[in-house]
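Listing of entry_22.tsv, TSV, C-alpha atoms and all ligand atoms
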```tsv
chain	number	residue	atom	x	y	z
A	1	MET	CA	-17.16	-4.05	7.17
A	2	ARG	CA	-18.32	-0.48	7.28
A	3	GLY	CA	-18.14	1.87	4.32
A	4	GLY	CA	-15.72	4.72	3.65
A	5	GLY	CA	-17.69	7.06	5.84
A	6	GLY	CA	-17.42	9.85	3.35
A	7	VAL	CA	-13.70	10.41	3.83
A	8	GLN	CA	-13.26	11.58	0.25
A	9	SER	CA	-16.44	13.61	0.01
A	10	VAL	CA	-15.81	15.42	3.29
A	11	MET	CA	-12.21	16.20	2.37
A	12	ALA	CA	-12.27	16.86	-1.34
A	13	GLY	CA	-8.79	17.20	-2.83
A	14	PRO	CA	-6.30	15.29	-4.94
A	15	ARG	CA	-7.12	11.69	-5.82
A	16	PRO	CA	-5.48	9.13	-3.52
A	17	VAL	CA	-3.21	6.47	-5.00
A	18	VAL	CA	-3.37	2.81	-4.01
A	19	LEU	CA	-0.22	0.74	-4.48
A	20	THR	CA	-0.84	-2.96	-4.23
A	21	GLY	CA	0.97	-6.13	-5.28
A	22	PRO	CA	2.50	-9.22	-3.71
A	23	SER	CA	4.75	-8.96	-0.69
A	24	GLY	CA	8.23	-8.31	-2.10
A	25	ALA	CA	7.00	-6.70	-5.35
A	26	GLY	CA	8.62	-3.38	-4.45
A	27	LYS	CA	5.77	-1.27	-3.06
A	28	SER	CA	7.67	0.13	-0.05
A	29	THR	CA	10.73	0.84	-2.19
A	30	PHE	CA	8.66	2.93	-4.61
A	31	LEU	CA	6.64	4.65	-1.88
A	32	LYS	CA	9.77	5.75	-0.06
A	33	ARG	CA	11.28	7.12	-3.28
A	34	LEU	CA	8.13	9.05	-4.17
A	35	LEU	CA	7.88	10.55	-0.69
A	36	GLN	CA	11.53	11.55	-0.79
A	37	GLU	CA	11.63	12.89	-4.34
A	38	TYR	CA	8.33	14.80	-4.15
A	39	GLU	CA	8.26	16.47	-0.76
A	40	GLY	CA	5.06	18.42	-0.29
A	41	VAL	CA	3.26	16.39	-2.96
A	42	PHE	CA	2.64	12.98	-1.43
A	43	GLY	CA	1.66	11.86	2.05
A	44	PHE	CA	1.63	8.28	3.29
A	45	SER	CA	-1.47	6.74	4.83
A	46	VAL	CA	0.01	5.11	7.93
A	47	SER	CA	-1.84	1.84	8.45
A	48	HIS	CA	-2.38	-0.03	11.69
A	49	THR	CA	-0.98	-3.54	12.05
A	50	THR	CA	-0.66	-6.25	14.67
A	51	ARG	CA	2.63	-7.50	13.20
A	52	LYS	CA	5.85	-6.72	15.01
A	53	PRO	CA	8.03	-3.88	13.73
A	54	ARG	CA	11.04	-4.92	11.62
A	55	PRO	CA	14.45	-3.45	12.40
A	56	GLY	CA	14.49	0.13	11.14
A	57	GLU	CA	10.71	0.52	11.10
A	58	GLU	CA	9.24	3.33	13.19
A	59	ASN	CA	5.95	3.38	15.08
A	60	GLY	CA	3.70	6.07	13.61
A	61	LYS	CA	5.79	6.34	10.43
A	62	ASP	CA	5.77	2.91	8.77
A	63	TYR	CA	2.78	1.61	10.72
A	64	HIS	CA	0.91	2.14	13.95
A	65	TYR	CA	1.87	-1.07	15.76
A	66	VAL	CA	-1.02	-2.20	17.92
A	67	SER	CA	-2.34	-5.27	19.71
A	68	ARG	CA	-5.09	-7.39	18.19
A	69	GLU	CA	-7.44	-6.24	20.97
A	70	ALA	CA	-6.81	-2.55	20.26
A	71	MET	CA	-7.24	-3.09	16.54
A	72	GLN	CA	-10.49	-5.01	16.99
A	73	ALA	CA	-11.82	-2.28	19.30
A	74	GLY	CA	-10.99	0.40	16.72
A	75	ILE	CA	-12.73	-1.57	13.97
A	76	ALA	CA	-15.82	-2.11	16.16
A	77	ASN	CA	-15.81	1.62	16.85
A	78	GLY	CA	-15.99	2.41	13.11
A	79	GLU	CA	-12.53	3.97	12.96
A	80	PHE	CA	-11.38	2.01	9.89
A	81	ILE	CA	-12.08	2.45	6.18
A	82	GLU	CA	-10.98	-1.13	5.56
A	83	ASN	CA	-9.14	-3.90	7.32
A	84	ALA	CA	-7.79	-7.32	6.42
A	85	GLU	CA	-6.01	-10.35	7.81
A	86	PHE	CA	-2.73	-10.99	5.98
A	87	SER	CA	-0.35	-13.83	6.77
A	88	GLY	CA	-1.56	-14.17	10.37
A	89	ASN	CA	-1.67	-10.46	11.20
A	90	MET	CA	-4.28	-7.72	11.01
A	91	TYR	CA	-3.80	-4.63	8.86
A	92	GLY	CA	-6.12	-1.69	8.33
A	93	THR	CA	-6.48	1.85	7.06
A	94	SER	CA	-8.00	4.19	9.61
A	95	LYS	CA	-10.14	7.11	8.51
A	96	ALA	CA	-7.71	9.36	10.40
A	97	ALA	CA	-4.73	8.04	8.38
A	98	VAL	CA	-6.30	9.22	5.13
A	99	GLN	CA	-7.81	12.40	6.57
A	100	ASP	CA	-4.43	13.50	8.02
A	101	VAL	CA	-2.92	13.44	4.52
A	102	GLN	CA	-5.92	14.93	2.73
A	103	ALA	CA	-6.15	17.77	5.25
A	104	LYS	CA	-2.69	18.86	4.02
A	105	ASN	CA	-3.88	18.70	0.41
A	106	LEU	CA	-1.34	16.02	-0.43
A	107	ILE	CA	-1.81	12.99	-2.67
A	108	CYS	CA	-2.53	10.19	-0.23
A	109	LEU	CA	-0.49	7.03	-0.91
A	110	LEU	CA	-1.93	3.76	0.38
A	111	ASP	CA	0.01	0.47	0.50
A	112	ILE	CA	-2.63	-2.24	0.85
A	113	ASP	CA	-3.21	-5.86	-0.09
A	114	MET	CA	-5.80	-7.27	-2.53
A	115	GLN	CA	-8.51	-7.61	0.13
A	116	GLY	CA	-7.97	-3.92	0.87
A	117	VAL	CA	-8.33	-3.10	-2.83
A	118	LEU	CA	-11.61	-5.00	-3.07
A	119	ASN	CA	-12.95	-3.28	0.07
A	120	ILE	CA	-11.77	0.22	-0.92
A	121	LYS	CA	-13.62	-0.30	-4.22
A	122	LYS	CA	-16.84	-0.42	-2.17
A	123	THR	CA	-16.15	3.02	-0.63
A	124	ASP	CA	-16.23	6.53	-2.11
A	125	LEU	CA	-12.45	7.08	-1.78
A	126	ASN	CA	-12.05	6.85	-5.58
A	127	PRO	CA	-8.27	6.29	-5.76
A	128	ILE	CA	-6.05	5.43	-8.71
A	129	TYR	CA	-5.28	1.69	-8.43
A	130	ILE	CA	-1.71	0.71	-9.30
A	131	SER	CA	-0.49	-2.88	-9.19
A	132	ILE	CA	3.23	-3.49	-8.73
A	133	GLN	CA	4.12	-6.96	-9.96
A	134	PRO	CA	7.32	-9.02	-10.01
A	135	PRO	CA	8.70	-10.32	-13.33
A	136	SER	CA	8.19	-13.92	-12.09
A	137	MET	CA	7.42	-15.89	-8.93
A	138	GLU	CA	11.06	-17.09	-8.88
A	139	ILE	CA	12.37	-13.52	-8.80
A	140	LEU	CA	9.79	-12.56	-6.18
A	141	GLU	CA	10.97	-15.40	-3.94
A	142	LYS	CA	14.60	-14.41	-4.40
A	143	ARG	CA	13.89	-10.76	-3.52
A	144	LEU	CA	11.90	-11.73	-0.45
A	145	ARG	CA	14.67	-14.07	0.71
A	146	ASP	CA	17.35	-11.45	0.07
A	147	ARG	CA	15.33	-8.89	2.07
A	148	LYS	CA	15.91	-11.14	5.11
A	149	THR	CA	12.84	-9.90	7.01
A	150	GLU	CA	10.78	-13.10	7.03
A	151	SER	CA	11.01	-16.47	8.71
A	152	GLU	CA	10.69	-19.48	6.38
A	153	GLU	CA	7.07	-19.90	7.50
A	154	SER	CA	6.20	-16.25	6.90
A	155	LEU	CA	7.96	-16.35	3.52
A	156	GLN	CA	5.94	-19.39	2.39
A	157	LYS	CA	2.68	-17.75	3.53
A	158	ARG	CA	3.54	-14.62	1.55
A	159	LEU	CA	4.37	-16.66	-1.56
A	160	ASP	CA	1.07	-18.59	-1.27
A	161	VAL	CA	-0.89	-15.33	-1.06
A	162	ALA	CA	1.19	-13.90	-3.93
A	163	ARG	CA	0.25	-16.80	-6.23
A	164	LYS	CA	-3.45	-16.31	-5.49
A	165	ASP	CA	-3.27	-12.53	-5.82
A	166	MET	CA	-1.42	-12.74	-9.14
A	167	GLU	CA	-4.35	-14.83	-10.46
A	168	LEU	CA	-6.93	-12.35	-9.10
A	169	SER	CA	-4.95	-9.50	-10.64
A	170	LYS	CA	-5.61	-10.86	-14.15
A	171	LYS	CA	-9.27	-9.86	-13.91
A	172	PRO	CA	-9.80	-7.10	-16.49
A	173	GLY	CA	-10.41	-3.66	-15.02
A	174	MET	CA	-9.00	-4.50	-11.60
A	175	PHE	CA	-6.27	-1.81	-11.83
A	176	ASP	CA	-5.76	1.47	-13.65
A	177	VAL	CA	-2.06	0.74	-14.12
A	178	ILE	CA	0.06	-2.42	-13.89
A	179	ILE	CA	3.82	-2.00	-13.50
A	180	ILE	CA	6.18	-4.96	-13.82
A	181	ASN	CA	9.08	-4.26	-11.49
A	182	ASP	CA	11.97	-5.85	-13.39
A	183	ASP	CA	14.58	-3.11	-13.74
A	184	LEU	CA	14.07	-0.79	-10.75
A	185	GLU	CA	14.80	2.51	-12.50
A	186	GLU	CA	12.64	1.64	-15.47
A	187	ALA	CA	9.73	0.60	-13.27
A	188	TYR	CA	10.05	3.70	-11.09
A	189	GLY	CA	10.06	5.83	-14.23
A	190	LYS	CA	6.81	4.20	-15.33
A	191	LEU	CA	5.27	4.81	-11.92
A	192	LYS	CA	6.21	8.49	-12.05
A	193	GLY	CA	4.77	8.64	-15.56
A	194	ALA	CA	1.49	7.18	-14.33
A	195	LEU	CA	1.33	9.81	-11.59
A	196	ALA	CA	2.57	12.76	-13.65
A	197	GLU	CA	-0.86	14.28	-14.19
A	198	GLU	CA	-1.74	14.22	-10.47
A	199	ILE	CA	1.72	15.57	-9.50
A	200	ALA	CA	1.29	18.43	-11.99
A	201	LYS	CA	-2.08	19.31	-10.43
A	202	ILE	CA	-0.47	19.69	-7.01
A	203	HIS	CA	2.35	21.83	-8.37
A	204	LYS	CA	-0.16	24.03	-10.18
A	205	ALA	CA	-2.36	24.41	-7.08
A	206	LYS	CA	0.69	25.59	-5.12
A	207	LYS	CA	1.55	28.41	-7.53
A	301	LIG	N1	-5.78	-4.25	3.52
A	301	LIG	C1	-4.68	-3.68	3.98
A	301	LIG	N2	-3.50	-4.20	3.69
A	301	LIG	C2	-2.40	-3.57	4.17
A	301	LIG	C3	-2.47	-2.41	4.98
A	301	LIG	N3	-1.21	-2.04	5.31
A	301	LIG	C4	-0.39	-2.92	4.71
A	301	LIG	N4	-1.08	-3.85	4.03
A	301	LIG	C5	-0.60	-4.98	3.22
A	301	LIG	O1	-0.20	-6.02	4.08
A	301	LIG	C6	0.76	-6.82	3.40
A	301	LIG	C7	1.91	-7.13	4.33
A	301	LIG	O2	2.60	-5.93	4.63
A	301	LIG	P1	3.97	-6.00	5.45
A	301	LIG	O3	3.79	-6.85	6.66
A	301	LIG	O4	4.45	-4.62	5.67
A	301	LIG	O5	4.93	-6.86	4.52
A	301	LIG	P2	5.63	-6.65	3.09
A	301	LIG	O6	4.57	-6.30	2.09
A	301	LIG	O7	6.24	-7.96	2.84
A	301	LIG	O8	6.63	-5.55	3.24
A	301	LIG	C8	1.16	-6.05	2.15
A	301	LIG	O9	0.47	-6.63	1.05
A	301	LIG	C9	0.63	-4.66	2.39
A	301	LIG	O10	0.25	-4.01	1.19
A	301	LIG	C10	-3.76	-1.90	5.28
A	301	LIG	O11	-3.95	-0.89	5.96
A	301	LIG	N5	-4.82	-2.57	4.75
A	302	LIG	N1	13.62	-3.91	-9.38
A	302	LIG	C1	14.22	-4.50	-8.34
A	302	LIG	N2	15.31	-5.23	-8.53
A	302	LIG	C2	15.92	-5.86	-7.49
A	302	LIG	N3	15.50	-5.79	-6.20
A	302	LIG	C3	14.42	-5.06	-5.96
A	302	LIG	C4	13.72	-4.37	-7.00
A	302	LIG	N4	12.66	-3.73	-6.45
A	302	LIG	C5	12.69	-3.99	-5.12
A	302	LIG	N5	13.74	-4.78	-4.82
A	302	LIG	C6	14.10	-5.33	-3.48
A	302	LIG	O1	13.16	-6.36	-3.24
A	302	LIG	C7	12.80	-6.40	-1.85
A	302	LIG	C8	11.28	-6.25	-1.74
A	302	LIG	O2	10.90	-4.91	-2.01
A	302	LIG	P1	9.91	-4.11	-1.05
A	302	LIG	O3	9.89	-2.70	-1.51
A	302	LIG	O4	10.25	-4.38	0.37
A	302	LIG	O5	8.52	-4.84	-1.44
A	302	LIG	P2	7.07	-4.74	-0.83
A	302	LIG	O6	6.97	-3.44	-0.09
A	302	LIG	O7	6.17	-4.78	-2.03
A	302	LIG	O8	6.91	-5.94	0.05
A	302	LIG	C9	13.58	-5.29	-1.17
A	302	LIG	O9	14.71	-5.84	-0.54
A	302	LIG	C10	13.95	-4.36	-2.32
A	302	LIG	O10	15.16	-3.67	-2.05
```
The structure given in the file should be rewritten as structure tokens.
Ligand SMILES: Nc1nc2c(ncn2[C@@H]2O[C@H](COP(=O)(O)OP(=O)(O)O)[C@@H](O)[C@H]2O)c(=O)[nH]1
Ligand SMILES: Nc1ncnc2c1ncn2[C@@H]1O[C@H](COP(=O)(O)OP(=O)(O)O)[C@@H](O)[C@H]1O
Amino acid sequence: MRGGGGVQSVMAGPRPVVLTGPSGAGKSTFLKRLLQEYEGVFGFSVSHTTRKPRPGEENGKDYHYVSREAMQAGIANGEFIENAEFSGNMYGTSKAAVQDVQAKNLICLLDIDMQGVLNIKKTDLNPIYISIQPPSMEILEKRLRDRKTESEESLQKRLDVARKDMELSKKPGMFDVIIINDDLEEAYGKLKGALAEEIAKIHKAKK
């Protein structure tokens, strides 16, 4: 894979924030709340994916939904900071996705898997790494089932990856912050606490 291509150094500004964690841990829930509560502070890095949109998801807002061929062509053309295969689909962060947010001087929020984290660590993006984790595998499975977005096969694939990623996550120094998402309000409060310094910087810059 190619490097970050100087996305951060070209567009200096607030530090991006990576949210990672198993499928069903609560990343999208938290991202949506942050974007809603702090308008003009955060911007979402809209990834590309080859998976099909779920009901309610919007092209260009949740993801750029593309074919495998288009995605592969973009990667070959050096348009991506990182990309990964997750549960049978391709996902990737384009340079443009991050640049669009940084050009507006917003804190860029990235929702990426563990492979993405490991690859972003090789670039000069220099984000804050936050891991959202479920209280247990049993609760994770229940939340994923209750979300009703996955087939049984897709659910099992996500749980398999989750088990492996939870092991990888134990490596010291992997993340700046780990948040256990048990009680939603409590966990969201901790996330806001972890981001308070960066949020304050944006507010100050706007004065
Ligand atoms: N590496 C990488 N992972 C991504 C990207 N976009 C999304 N993901 C991850 O892909 C996984 C599957 O995402 P999604 O299909 O939306 O399912 P969900 O996590 O169950 O809601 C999640 O772990 C996301 O964090 C990306 O651009 N790069
Ligand atoms: N603390 C929580 N308690 C109960 N349900 C939760 C909690 N956090 C998230 N959920 C629910 O769990 C499901 C998975 O959350 P989601 O944000 O889609 O996870 P991710 O984006 O990490 O895959 C969603 O249906 C969400 O409403």
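If you count only C-alpha atoms and ignore residues fewer than 2 places along the chain from segment 114-118 of chain A, what sits within 9 Å of it is Val18, Thr20, Gly21, Pro22, Glu82, Asn83, Ala84, Glu85, Phe86, Gly92, Thr93, Ile112, Ile120, Lys121, Lys122, Tyr129, Asp165, Leu168, Ser169 and Met174 of chain A.
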May I have the residues from that selection written out with C-alpha atoms, as a PDB file, keeping the file's coordinate frame?
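Output file part-v3.pdb follows:
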```pdb
ATOM      1  CA  VAL A  18      -3.370   2.810  -4.010  1.00  0.00           C
ATOM      2  CA  THR A  20      -0.840  -2.960  -4.230  1.00  0.00           C
ATOM      3  CA  GLY A  21       0.970  -6.130  -5.280  1.00  0.00           C
ATOM      4  CA  PRO A  22       2.500  -9.220  -3.710  1.00  0.00           C
ATOM      5  CA  GLU A  82     -10.980  -1.130   5.560  1.00  0.00           C
ATOM      6  CA  ASN A  83      -9.140  -3.900   7.320  1.00  0.00           C
ATOM      7  CA  ALA A  84      -7.790  -7.320   6.420  1.00  0.00           C
ATOM      8  CA  GLU A  85      -6.010 -10.350   7.810  1.00  0.00           C
ATOM      9  CA  PHE A  86      -2.730 -10.990   5.980  1.00  0.00           C
ATOM     10  CA  GLY A  92      -6.120  -1.690   8.330  1.00  0.00           C
ATOM     11  CA  THR A  93      -6.480   1.850   7.060  1.00  0.00           C
ATOM     12  CA  ILE A 112      -2.630  -2.240   0.850  1.00  0.00           C
ATOM     13  CA  ILE A 120     -11.770   0.220  -0.920  1.00  0.00           C
ATOM     14  CA  LYS A 121     -13.620  -0.300  -4.220  1.00  0.00           C
ATOM     15  CA  LYS A 122     -16.840  -0.420  -2.170  1.00  0.00           C
ATOM     16  CA  TYR A 129      -5.280   1.690  -8.430  1.00  0.00           C
ATOM     17  CA  ASP A 165      -3.270 -12.530  -5.820  1.00  0.00           C
ATOM     18  CA  LEU A 168      -6.930 -12.350  -9.100  1.00  0.00           C
ATOM     19  CA  SER A 169      -4.950  -9.500 -10.640  1.00  0.00           C
ATOM     20  CA  MET A 174      -9.000  -4.500 -11.600  1.00  0.00           C
TER      21      MET A 174
END
```
Around the point (0.7, 3.3, 3.8), in the coordinates given by the file, pick out the residues reaching within 6 Å, counting all atoms listed in the file, and return them as a list of chain:residue names.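 Residues found, by chain and rising number: A:Phe44, A:Ser45, A:Val46, A:Ser47, A:Leu110, A:Asp111.
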For C-alpha atoms, I'd like the residues from the last selection saved as a PDB file, in the frame of the given file.
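Just written: again_6.pdb:
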```pdb
ATOM      1  CA  PHE A  44       1.630   8.280   3.290  1.00  0.00           C
ATOM      2  CA  SER A  45      -1.470   6.740   4.830  1.00  0.00           C
ATOM      3  CA  VAL A  46       0.010   5.110   7.930  1.00  0.00           C
ATOM      4  CA  SER A  47      -1.840   1.840   8.450  1.00  0.00           C
ATOM      5  CA  LEU A 110      -1.930   3.760   0.380  1.00  0.00           C
ATOM      6  CA  ASP A 111       0.010   0.470   0.500  1.00  0.00           C
TER       7      ASP A 111
END
```
Which residues sit within 12 Å of ligand LIG 302 (chain A), counting only C-alpha atoms and all ligand atoms, listed as number ranges by chain? A: 19-33, 54, 57, 62, 110-113, 131-136, 139-150, 155, 158-159, 162, 179-189
Excluding same-chain residues fewer than 4 positions from Thr49 of chain A, what lies within 8 Å of it counting only C-alpha atoms, as a count of residues only? 10
Hey, can I get the axis-aligned box for segment 75-80 of chain A? All listed atoms, 4 Å padding on each side, centre and edge lengths in Å to one decimal, as AutoDock Vina command-line options.
```
--center_x -13.7 --center_y 0.9 --center_z 13.4 --size_x 12.6 --size_y 14.1 --size_z 15.0
```
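Across A:Asp160, A:Lys61, A:Thr123, A:Ile107, the tightest approach to Tyr38 of chain A is made by A:Ile107 when counting all atoms listed in the file.
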Neighbourhood query: residues within 12 Å of (-0.5, 16.1, -8.7), file coordinates, counting all atoms listed in the file; return as an mmCIF file with C-alpha atoms, in the coordinates of the input.
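Resulting contents of part_9.cif:
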```cif
data_model
loop_
_atom_site.group_PDB
_atom_site.id
_atom_site.type_symbol
_atom_site.label_atom_id
_atom_site.label_comp_id
_atom_site.auth_asym_id
_atom_site.auth_seq_id
_atom_site.Cartn_x
_atom_site.Cartn_y
_atom_site.Cartn_z
ATOM 1 C CA GLY A 13 -8.790 17.200 -2.830
ATOM 2 C CA PRO A 14 -6.300 15.290 -4.940
ATOM 3 C CA ARG A 15 -7.120 11.690 -5.820
ATOM 4 C CA PRO A 16 -5.480 9.130 -3.520
ATOM 5 C CA VAL A 17 -3.210 6.470 -5.000
ATOM 6 C CA TYR A 38 8.330 14.800 -4.150
ATOM 7 C CA GLU A 39 8.260 16.470 -0.760
ATOM 8 C CA GLY A 40 5.060 18.420 -0.290
ATOM 9 C CA VAL A 41 3.260 16.390 -2.960
ATOM 10 C CA PHE A 42 2.640 12.980 -1.430
ATOM 11 C CA GLY A 43 1.660 11.860 2.050
ATOM 12 C CA ASN A 105 -3.880 18.700 0.410
ATOM 13 C CA LEU A 106 -1.340 16.020 -0.430
ATOM 14 C CA ILE A 107 -1.810 12.990 -2.670
ATOM 15 C CA CYS A 108 -2.530 10.190 -0.230
ATOM 16 C CA LEU A 109 -0.490 7.030 -0.910
ATOM 17 C CA LYS A 192 6.210 8.490 -12.050
ATOM 18 C CA GLY A 193 4.770 8.640 -15.560
ATOM 19 C CA ALA A 194 1.490 7.180 -14.330
ATOM 20 C CA LEU A 195 1.330 9.810 -11.590
ATOM 21 C CA ALA A 196 2.570 12.760 -13.650
ATOM 22 C CA GLU A 197 -0.860 14.280 -14.190
ATOM 23 C CA GLU A 198 -1.740 14.220 -10.470
ATOM 24 C CA ILE A 199 1.720 15.570 -9.500
ATOM 25 C CA ALA A 200 1.290 18.430 -11.990
ATOM 26 C CA LYS A 201 -2.080 19.310 -10.430
ATOM 27 C CA ILE A 202 -0.470 19.690 -7.010
ATOM 28 C CA HIS A 203 2.350 21.830 -8.370
ATOM 29 C CA LYS A 204 -0.160 24.030 -10.180
ATOM 30 C CA ALA A 205 -2.360 24.410 -7.080
ATOM 31 C CA LYS A 206 0.690 25.590 -5.120
#
```
Atoms added to segment 119-141 of chain A (N, CA and C atoms), reported as a compact mmCIF listing (two decimals), keeping the file's coordinate frame:
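So out_8.txt came out as:
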```txt
# COMPACT_ATOMS: atom_id res chain seq x y z
N ASN A 119 -12.11 -4.01 -0.88
CA ASN A 119 -12.95 -3.28 0.07
C ASN A 119 -12.96 -1.77 -0.20
N ILE A 120 -11.82 -1.22 -0.60
CA ILE A 120 -11.77 0.22 -0.92
C ILE A 120 -12.67 0.50 -2.13
N LYS A 121 -12.76 -0.48 -3.04
CA LYS A 121 -13.62 -0.30 -4.22
C LYS A 121 -15.09 -0.12 -3.83
N LYS A 122 -15.44 -0.57 -2.63
CA LYS A 122 -16.84 -0.42 -2.17
C LYS A 122 -17.07 0.93 -1.49
N THR A 123 -16.01 1.72 -1.31
CA THR A 123 -16.15 3.02 -0.63
C THR A 123 -16.15 4.16 -1.67
N ASP A 124 -16.25 5.39 -1.18
CA ASP A 124 -16.23 6.53 -2.11
C ASP A 124 -14.86 7.21 -2.15
N LEU A 125 -13.80 6.49 -1.80
CA LEU A 125 -12.45 7.08 -1.78
C LEU A 125 -11.96 7.42 -3.19
N ASN A 126 -12.36 6.61 -4.16
CA ASN A 126 -12.05 6.85 -5.58
C ASN A 126 -10.56 7.06 -5.89
N PRO A 127 -9.70 6.13 -5.48
CA PRO A 127 -8.27 6.29 -5.76
C PRO A 127 -7.90 5.78 -7.17
N ILE A 128 -6.64 6.04 -7.52
CA ILE A 128 -6.05 5.43 -8.71
C ILE A 128 -5.44 4.11 -8.22
N TYR A 129 -5.77 3.01 -8.87
CA TYR A 129 -5.28 1.69 -8.43
C TYR A 129 -4.07 1.27 -9.27
N ILE A 130 -2.93 1.13 -8.60
CA ILE A 130 -1.71 0.71 -9.30
C ILE A 130 -1.21 -0.61 -8.72
N SER A 131 -1.00 -1.57 -9.61
CA SER A 131 -0.49 -2.88 -9.19
C SER A 131 0.99 -2.99 -9.53
N ILE A 132 1.80 -3.25 -8.52
CA ILE A 132 3.23 -3.49 -8.73
C ILE A 132 3.41 -5.01 -8.75
N GLN A 133 4.00 -5.51 -9.84
CA GLN A 133 4.12 -6.96 -9.96
C GLN A 133 5.56 -7.38 -10.26
N PRO A 134 5.96 -8.54 -9.73
CA PRO A 134 7.32 -9.02 -10.01
C PRO A 134 7.37 -9.64 -11.41
N PRO A 135 8.58 -9.71 -12.00
CA PRO A 135 8.70 -10.32 -13.33
C PRO A 135 8.32 -11.81 -13.32
N SER A 136 8.55 -12.49 -12.20
CA SER A 136 8.19 -13.92 -12.09
C SER A 136 8.11 -14.28 -10.61
N MET A 137 7.50 -15.43 -10.32
CA MET A 137 7.42 -15.89 -8.93
C MET A 137 8.82 -16.24 -8.40
N GLU A 138 9.69 -16.72 -9.30
CA GLU A 138 11.06 -17.09 -8.88
C GLU A 138 11.81 -15.84 -8.40
N ILE A 139 11.67 -14.77 -9.18
CA ILE A 139 12.37 -13.52 -8.80
C ILE A 139 11.76 -12.94 -7.52
N LEU A 140 10.44 -13.05 -7.40
CA LEU A 140 9.79 -12.56 -6.18
C LEU A 140 10.35 -13.28 -4.96
N GLU A 141 10.45 -14.61 -5.07
CA GLU A 141 10.97 -15.40 -3.94
C GLU A 141 12.40 -15.00 -3.61
```
